[in-house]
Amino acid sequence: MIQTDELTKRVIPCLDIKDGRVVKGVNFVNLVDAGDPVSCAIAYEENQADEVCFLDITASSDKRDILLNLVEEVANKLFIPFTVGGGIRTLDDVRSVLNRGADKVSINTAAFQRPGLLTEASEIYGSQCIVCAIDSKFNHERKRFEVYLHGGRTETGRETLDWGKEAYECGAGEILLTSMDRDGTKDGFDINMLKLLSQNLSIPIIASGGAGNPEHMSEAILRGGADAVLAASIFHFGVYTIAETKQAMREMGIKVRL
């Protein structure tokens, strides 16, 4: 039976951008080229994507600004919601990205370093525009999930749920939660990590890291409590289309937009 008491669940392809190209790796390393951002975005919209997420994955670590011209070029071609992240450090950066056509801004490192940025941005533009991205990895010694910054390069030692709660209190309207352990592996999402945040926060959680097939997507929603699923590898390299994925999810009783 199709769900009728909950909001439609979203399927979001992610465009990880490096040097103006879409790339994809495993566990945040060993990146390979996956195409032109504009062409990829258009193709995904035509294939029933609910949103597109654009992440400039080296902007923070390279200490440079996000590629605004590329943001504008993609935004001009899309009619579905478009989220942009990477290298966003200030309120001016948020303004610039939204002015170039993005519908939402994803903030990771800068939000952790100065949580007030989430508050300022949400008060001006509304929390629905502000996504807090969290890259998380399981610490086996301390037996807990912890936050990493700068595209997974910087360990913080802070517990993921603790930071997620603060981000929510500061005004984030969504959490983009990426499992560094599962990223690019196609082994499935980290259900335990998803449940940890989805059961303790009242804002939408976007599951990221580990999608290998439509069953993984469904599991993230039905077992992990995710409100949306984000994937890259399986879409970029043609393993599954978004339309195929959504049909399979629908058959498992998940309400999706067709």
# chains A, B, ... in the order shown; residues from 1 in each chain; ligands from 1
call {"tool": "closest_atom_pairs", "arguments": {"of": "range 114-195 of chain A", "to": "range 212-215 of chain A", "cutoff": "7 Å", "atoms": "only C-alpha atoms", "output": "CSV"}}
result
residue,atom,partner,partner_atom,distance
A:Lys186,CA,A:Gly212,CA,3.8
A:Asp187,CA,A:Gly212,CA,6.0
A:Gly188,CA,A:Gly212,CA,6.0
call {"tool": "closest_atom_pairs", "arguments": {"of": "range 57-155 of chain A", "to": "range 193-208 of chain A", "cutoff": "12 Å", "atoms": "only C-alpha atoms", "output": "JSON lines"}}
result
{"residue": "A:Ser106", "atom": "CA", "partner": "A:Ile206", "partner_atom": "CA", "distance": 11.6}
{"residue": "A:Ser127", "atom": "CA", "partner": "A:Ile203", "partner_atom": "CA", "distance": 10.1}
{"residue": "A:Gln128", "atom": "CA", "partner": "A:Ile203", "partner_atom": "CA", "distance": 9.9}
{"residue": "A:Ile130", "atom": "CA", "partner": "A:Ile203", "partner_atom": "CA", "distance": 11.4}
{"residue": "A:Val131", "atom": "CA", "partner": "A:Ile206", "partner_atom": "CA", "distance": 9.6}
{"residue": "A:Cys132", "atom": "CA", "partner": "A:Ile205", "partner_atom": "CA", "distance": 9.9}
{"residue": "A:Ala133", "atom": "CA", "partner": "A:Ile206", "partner_atom": "CA", "distance": 9.2}
{"residue": "A:Ile134", "atom": "CA", "partner": "A:Ser208", "partner_atom": "CA", "distance": 9.8}
{"residue": "A:Asp135", "atom": "CA", "partner": "A:Ser208", "partner_atom": "CA", "distance": 9.2}
{"residue": "A:Ser136", "atom": "CA", "partner": "A:Met193", "partner_atom": "CA", "distance": 8.6}
{"residue": "A:Lys137", "atom": "CA", "partner": "A:Met193", "partner_atom": "CA", "distance": 9.2}
{"residue": "A:Phe138", "atom": "CA", "partner": "A:Met193", "partner_atom": "CA", "distance": 8.7}
{"residue": "A:Lys143", "atom": "CA", "partner": "A:Met193", "partner_atom": "CA", "distance": 12.0}
{"residue": "A:Arg144", "atom": "CA", "partner": "A:Met193", "partner_atom": "CA", "distance": 9.3}
{"residue": "A:Phe145", "atom": "CA", "partner": "A:Met193", "partner_atom": "CA", "distance": 7.2}
{"residue": "A:Glu146", "atom": "CA", "partner": "A:Met193", "partner_atom": "CA", "distance": 10.2}
{"residue": "A:Val147", "atom": "CA", "partner": "A:Met193", "partner_atom": "CA", "distance": 11.8}
call {"tool": "atom_distance", "arguments": {"atom1": "CA of Leu15 in chain A", "atom2": "CA of Ser122 in chain A"}}
result
24.1 Å
call {"tool": "atom_distance", "arguments": {"atom1": "CA of Pro13 in chain A", "atom2": "CA of Lys246 in chain A"}}
result
12.3 Å
call {"tool": "closest_residue", "arguments": {"among": "A:Val23, A:Val74, A:Ile191, A:Ala111", "to": "Ala220 in chain A", "atoms": "only C-alpha atoms"}}
result
A:Ile191
call {"tool": "closest_atom_pairs", "arguments": {"of": "range 122-157 of chain A", "to": "range 34-57 of chain A", "cutoff": "10 Å", "atoms": "only C-alpha atoms", "output": "CSV"}}
result
residue,atom,partner,partner_atom,distance
A:His150,CA,A:Ile57,CA,8.3
A:Gly151,CA,A:Ile57,CA,6.1
A:Gly152,CA,A:Ile57,CA,9.7
call {"tool": "residues_around", "arguments": {"residues": "Arg114 in chain A", "least_positions_apart": "4", "cutoff": "12 Å", "atoms": "only C-alpha atoms", "output": "list in words"}}
result
Ile88, Arg89, Thr90, Leu91, Ile107, Asn108, Thr109, Ala110, Leu118, Thr119, Glu120, Ala121, Trp163, Glu166, Ala167 and Cys170 of chain A
call {"tool": "write_last_selection", "arguments": {"atoms": "all heavy atoms", "output": "compact mmCIF listing (two decimals), in the first residue's frame"}}
result
# COMPACT_ATOMS: atom_id res chain seq x y z
N ILE A 88 30.98 28.03 1.13
CA ILE A 88 30.10 29.10 1.62
C ILE A 88 30.47 29.42 3.06
O ILE A 88 30.27 28.61 3.95
CB ILE A 88 28.62 28.69 1.49
CG1 ILE A 88 28.28 28.51 0.01
CG2 ILE A 88 27.71 29.72 2.15
CD1 ILE A 88 26.91 27.97 -0.26
N ARG A 89 31.04 30.61 3.27
CA ARG A 89 31.61 30.97 4.57
C ARG A 89 30.90 32.12 5.27
O ARG A 89 30.98 32.25 6.47
CB ARG A 89 33.08 31.34 4.40
CG ARG A 89 33.93 30.28 3.74
CD ARG A 89 35.37 30.77 3.56
NE ARG A 89 36.13 29.81 2.77
CZ ARG A 89 36.21 29.82 1.45
NH1 ARG A 89 35.57 30.75 0.77
NH2 ARG A 89 36.91 28.91 0.81
N THR A 90 30.23 32.95 4.50
CA THR A 90 29.65 34.18 5.05
C THR A 90 28.22 34.38 4.57
O THR A 90 27.75 33.70 3.64
CB THR A 90 30.47 35.40 4.61
OG1 THR A 90 30.31 35.58 3.19
CG2 THR A 90 31.95 35.24 4.95
N LEU A 91 27.55 35.35 5.19
CA LEU A 91 26.20 35.70 4.76
C LEU A 91 26.21 36.23 3.32
O LEU A 91 25.28 36.00 2.56
CB LEU A 91 25.63 36.75 5.72
CG LEU A 91 24.11 36.90 5.76
CD1 LEU A 91 23.43 35.57 6.07
CD2 LEU A 91 23.72 37.95 6.79
N ILE A 107 25.47 24.43 3.91
CA ILE A 107 26.64 24.96 4.62
C ILE A 107 27.20 23.86 5.52
O ILE A 107 26.46 23.27 6.32
CB ILE A 107 26.30 26.20 5.45
CG1 ILE A 107 25.46 27.19 4.65
CG2 ILE A 107 27.58 26.87 5.95
CD1 ILE A 107 24.96 28.38 5.44
N ASN A 108 28.48 23.62 5.42
CA ASN A 108 29.10 22.54 6.19
C ASN A 108 30.14 23.09 7.15
O ASN A 108 29.86 23.40 8.31
CB ASN A 108 29.71 21.52 5.20
CG ASN A 108 30.18 20.25 5.87
OD1 ASN A 108 30.62 20.24 7.01
ND2 ASN A 108 30.10 19.15 5.15
N THR A 109 31.37 23.26 6.68
CA THR A 109 32.49 23.67 7.54
C THR A 109 32.23 25.00 8.23
O THR A 109 32.43 25.13 9.45
CB THR A 109 33.78 23.74 6.70
OG1 THR A 109 34.08 22.43 6.20
CG2 THR A 109 34.95 24.23 7.54
N ALA A 110 31.78 26.00 7.49
CA ALA A 110 31.59 27.33 8.06
C ALA A 110 30.52 27.34 9.14
O ALA A 110 30.61 28.08 10.12
CB ALA A 110 31.24 28.34 6.97
N LEU A 118 24.18 30.03 10.53
CA LEU A 118 22.90 29.38 10.26
C LEU A 118 21.75 30.25 10.74
O LEU A 118 20.73 30.39 10.05
CB LEU A 118 22.84 28.02 10.96
CG LEU A 118 23.80 26.94 10.47
CD1 LEU A 118 23.72 25.71 11.38
CD2 LEU A 118 23.52 26.55 9.03
N THR A 119 21.91 30.84 11.92
CA THR A 119 20.87 31.70 12.48
C THR A 119 20.65 32.93 11.62
O THR A 119 19.51 33.27 11.27
CB THR A 119 21.25 32.13 13.90
OG1 THR A 119 21.52 30.96 14.70
CG2 THR A 119 20.14 32.93 14.55
N GLU A 120 21.73 33.61 11.27
CA GLU A 120 21.63 34.82 10.46
C GLU A 120 20.98 34.53 9.11
O GLU A 120 20.09 35.26 8.65
CB GLU A 120 23.03 35.42 10.26
CG GLU A 120 23.67 35.91 11.54
CD GLU A 120 25.16 36.16 11.39
OE1 GLU A 120 25.65 36.05 10.24
OE2 GLU A 120 25.83 36.44 12.40
N ALA A 121 21.43 33.46 8.47
CA ALA A 121 20.92 33.13 7.13
C ALA A 121 19.45 32.72 7.19
O ALA A 121 18.65 33.14 6.35
CB ALA A 121 21.76 32.01 6.52
N TRP A 163 26.06 17.91 17.32
CA TRP A 163 26.15 19.01 16.36
C TRP A 163 24.84 19.14 15.58
O TRP A 163 24.37 20.25 15.29
CB TRP A 163 27.32 18.82 15.41
CG TRP A 163 27.32 19.71 14.21
CD1 TRP A 163 27.50 19.35 12.92
CD2 TRP A 163 27.13 21.14 14.18
NE1 TRP A 163 27.42 20.44 12.09
CE2 TRP A 163 27.20 21.55 12.84
CE3 TRP A 163 26.90 22.10 15.18
CZ2 TRP A 163 27.05 22.88 12.45
CZ3 TRP A 163 26.74 23.43 14.79
CH2 TRP A 163 26.82 23.81 13.44
N GLU A 166 22.42 21.16 17.62
CA GLU A 166 22.76 22.59 17.66
C GLU A 166 22.42 23.26 16.33
O GLU A 166 21.90 24.38 16.30
CB GLU A 166 24.23 22.80 17.99
CG GLU A 166 24.58 24.27 18.10
CD GLU A 166 26.03 24.53 18.49
OE1 GLU A 166 26.77 23.57 18.79
OE2 GLU A 166 26.43 25.72 18.49
N ALA A 167 22.72 22.57 15.22
CA ALA A 167 22.42 23.14 13.90
C ALA A 167 20.92 23.40 13.75
O ALA A 167 20.49 24.43 13.23
CB ALA A 167 22.91 22.19 12.81
N CYS A 170 19.91 26.36 15.75
CA CYS A 170 20.42 27.60 15.17
C CYS A 170 19.67 28.02 13.91
O CYS A 170 19.92 29.11 13.38
CB CYS A 170 21.91 27.46 14.86
SG CYS A 170 22.96 27.50 16.33
call {"tool": "select_by_dssp", "arguments": {"residues": "range 57-173 of chain A", "states": "helix (DSSP H, G or I)", "output": "NGL selection string"}}
result
:A and (68-75 or 91-99 or 109-113 or 116-125 or 127-129 or 160-170)
call {"tool": "write_last_selection", "arguments": {"atoms": "N, CA and C atoms", "output": "short mmCIF file (atom, residue, chain, number, x, y, z; two decimals), in the first residue's frame"}}
result
data_model
loop_
_atom_site.label_atom_id
_atom_site.label_comp_id
_atom_site.auth_asym_id
_atom_site.auth_seq_id
_atom_site.Cartn_x
_atom_site.Cartn_y
_atom_site.Cartn_z
N LEU A 68 30.54 30.63 -8.92
CA LEU A 68 29.22 31.26 -9.07
C LEU A 68 28.70 31.24 -10.50
N ASN A 69 29.57 31.40 -11.47
CA ASN A 69 29.12 31.38 -12.87
C ASN A 69 28.54 30.02 -13.23
N LEU A 70 29.15 28.97 -12.70
CA LEU A 70 28.64 27.63 -12.96
C LEU A 70 27.30 27.41 -12.25
N VAL A 71 27.17 27.96 -11.04
CA VAL A 71 25.90 27.89 -10.32
C VAL A 71 24.80 28.54 -11.15
N GLU A 72 25.08 29.72 -11.67
CA GLU A 72 24.08 30.45 -12.46
C GLU A 72 23.72 29.69 -13.74
N GLU A 73 24.73 29.10 -14.37
CA GLU A 73 24.49 28.37 -15.61
C GLU A 73 23.57 27.16 -15.38
N VAL A 74 23.82 26.44 -14.29
CA VAL A 74 22.97 25.30 -13.96
C VAL A 74 21.56 25.76 -13.59
N ALA A 75 21.47 26.79 -12.73
CA ALA A 75 20.17 27.28 -12.27
C ALA A 75 19.29 27.75 -13.43
N LEU A 91 27.55 35.35 5.19
CA LEU A 91 26.20 35.70 4.76
C LEU A 91 26.21 36.23 3.32
N ASP A 92 27.27 36.94 2.95
CA ASP A 92 27.40 37.41 1.57
C ASP A 92 27.47 36.25 0.59
N ASP A 93 28.16 35.17 0.98
CA ASP A 93 28.22 33.99 0.12
C ASP A 93 26.84 33.38 -0.07
N VAL A 94 26.09 33.31 1.02
CA VAL A 94 24.71 32.79 0.95
C VAL A 94 23.89 33.63 -0.01
N ARG A 95 23.98 34.94 0.17
CA ARG A 95 23.24 35.88 -0.69
C ARG A 95 23.63 35.70 -2.16
N SER A 96 24.91 35.60 -2.42
CA SER A 96 25.41 35.49 -3.80
C SER A 96 24.88 34.23 -4.48
N VAL A 97 24.90 33.12 -3.76
CA VAL A 97 24.45 31.85 -4.34
C VAL A 97 22.95 31.87 -4.60
N LEU A 98 22.18 32.39 -3.65
CA LEU A 98 20.73 32.47 -3.86
C LEU A 98 20.39 33.45 -4.98
N ASN A 99 21.14 34.54 -5.07
CA ASN A 99 20.91 35.51 -6.14
C ASN A 99 21.24 34.95 -7.52
N THR A 109 31.37 23.26 6.68
CA THR A 109 32.49 23.67 7.54
C THR A 109 32.23 25.00 8.23
N ALA A 110 31.78 26.00 7.49
CA ALA A 110 31.59 27.33 8.06
C ALA A 110 30.52 27.34 9.14
N ALA A 111 29.48 26.51 8.97
CA ALA A 111 28.42 26.44 9.98
C ALA A 111 28.96 25.85 11.27
N PHE A 112 29.80 24.83 11.16
CA PHE A 112 30.37 24.21 12.35
C PHE A 112 31.29 25.19 13.07
N GLN A 113 32.08 25.93 12.30
CA GLN A 113 33.03 26.87 12.90
C GLN A 113 32.34 28.09 13.48
N GLY A 116 26.40 30.66 14.33
CA GLY A 116 25.57 31.85 14.15
C GLY A 116 25.27 32.15 12.70
N LEU A 117 26.08 31.63 11.78
CA LEU A 117 25.82 31.83 10.35
C LEU A 117 24.49 31.20 9.96
N LEU A 118 24.18 30.03 10.53
CA LEU A 118 22.90 29.38 10.26
C LEU A 118 21.75 30.25 10.74
N THR A 119 21.91 30.84 11.92
CA THR A 119 20.87 31.70 12.48
C THR A 119 20.65 32.93 11.62
N GLU A 120 21.73 33.61 11.27
CA GLU A 120 21.63 34.82 10.46
C GLU A 120 20.98 34.53 9.11
N ALA A 121 21.43 33.46 8.47
CA ALA A 121 20.92 33.13 7.13
C ALA A 121 19.45 32.72 7.19
N SER A 122 19.08 31.94 8.20
CA SER A 122 17.68 31.48 8.29
C SER A 122 16.74 32.62 8.64
N GLU A 123 17.22 33.59 9.43
CA GLU A 123 16.37 34.73 9.79
C GLU A 123 16.09 35.61 8.58
N ILE A 124 17.04 35.70 7.67
CA ILE A 124 16.87 36.55 6.50
C ILE A 124 16.13 35.82 5.37
N TYR A 125 16.53 34.59 5.09
CA TYR A 125 16.02 33.88 3.92
C TYR A 125 15.02 32.78 4.26
N SER A 127 14.33 29.31 7.10
CA SER A 127 15.04 28.06 7.36
C SER A 127 14.89 27.06 6.22
N GLN A 128 13.81 27.19 5.42
CA GLN A 128 13.60 26.26 4.31
C GLN A 128 14.70 26.38 3.26
N CYS A 129 15.45 27.48 3.27
CA CYS A 129 16.54 27.68 2.31
C CYS A 129 17.89 27.21 2.84
N THR A 160 28.22 13.56 16.30
CA THR A 160 27.35 13.98 15.20
C THR A 160 25.98 14.44 15.68
N LEU A 161 25.35 13.67 16.55
CA LEU A 161 24.01 14.06 17.03
C LEU A 161 24.06 15.38 17.79
N ASP A 162 25.10 15.59 18.57
CA ASP A 162 25.24 16.82 19.33
C ASP A 162 25.28 18.03 18.40
N TRP A 163 26.06 17.91 17.32
CA TRP A 163 26.15 19.01 16.36
C TRP A 163 24.84 19.14 15.58
N GLY A 164 24.20 18.03 15.24
CA GLY A 164 22.93 18.10 14.53
C GLY A 164 21.88 18.84 15.33
N LYS A 165 21.83 18.60 16.63
CA LYS A 165 20.86 19.30 17.49
C LYS A 165 21.15 20.79 17.52
N GLU A 166 22.42 21.16 17.62
CA GLU A 166 22.76 22.59 17.66
C GLU A 166 22.42 23.26 16.33
N ALA A 167 22.72 22.57 15.22
CA ALA A 167 22.42 23.14 13.90
C ALA A 167 20.92 23.40 13.75
N TYR A 168 20.12 22.46 14.23
CA TYR A 168 18.66 22.63 14.20
C TYR A 168 18.24 23.82 15.05
N GLU A 169 18.78 23.92 16.24
CA GLU A 169 18.43 25.03 17.13
C GLU A 169 18.87 26.37 16.57
N CYS A 170 19.91 26.36 15.75
CA CYS A 170 20.42 27.60 15.17
C CYS A 170 19.67 28.02 13.91
#
call {"tool": "select_by_dssp", "arguments": {"residues": "range 87-214 of chain A", "states": "strand (DSSP E)", "output": "JSON, numbers by chain"}}
result
{"A": [104, 105, 106, 107, 130, 131, 132, 133, 134, 135, 136, 137, 138, 139, 144, 145, 146, 147, 148, 149, 154, 155, 156, 157, 158, 159, 174, 175, 176, 177, 178, 179, 205, 206, 207, 208]}
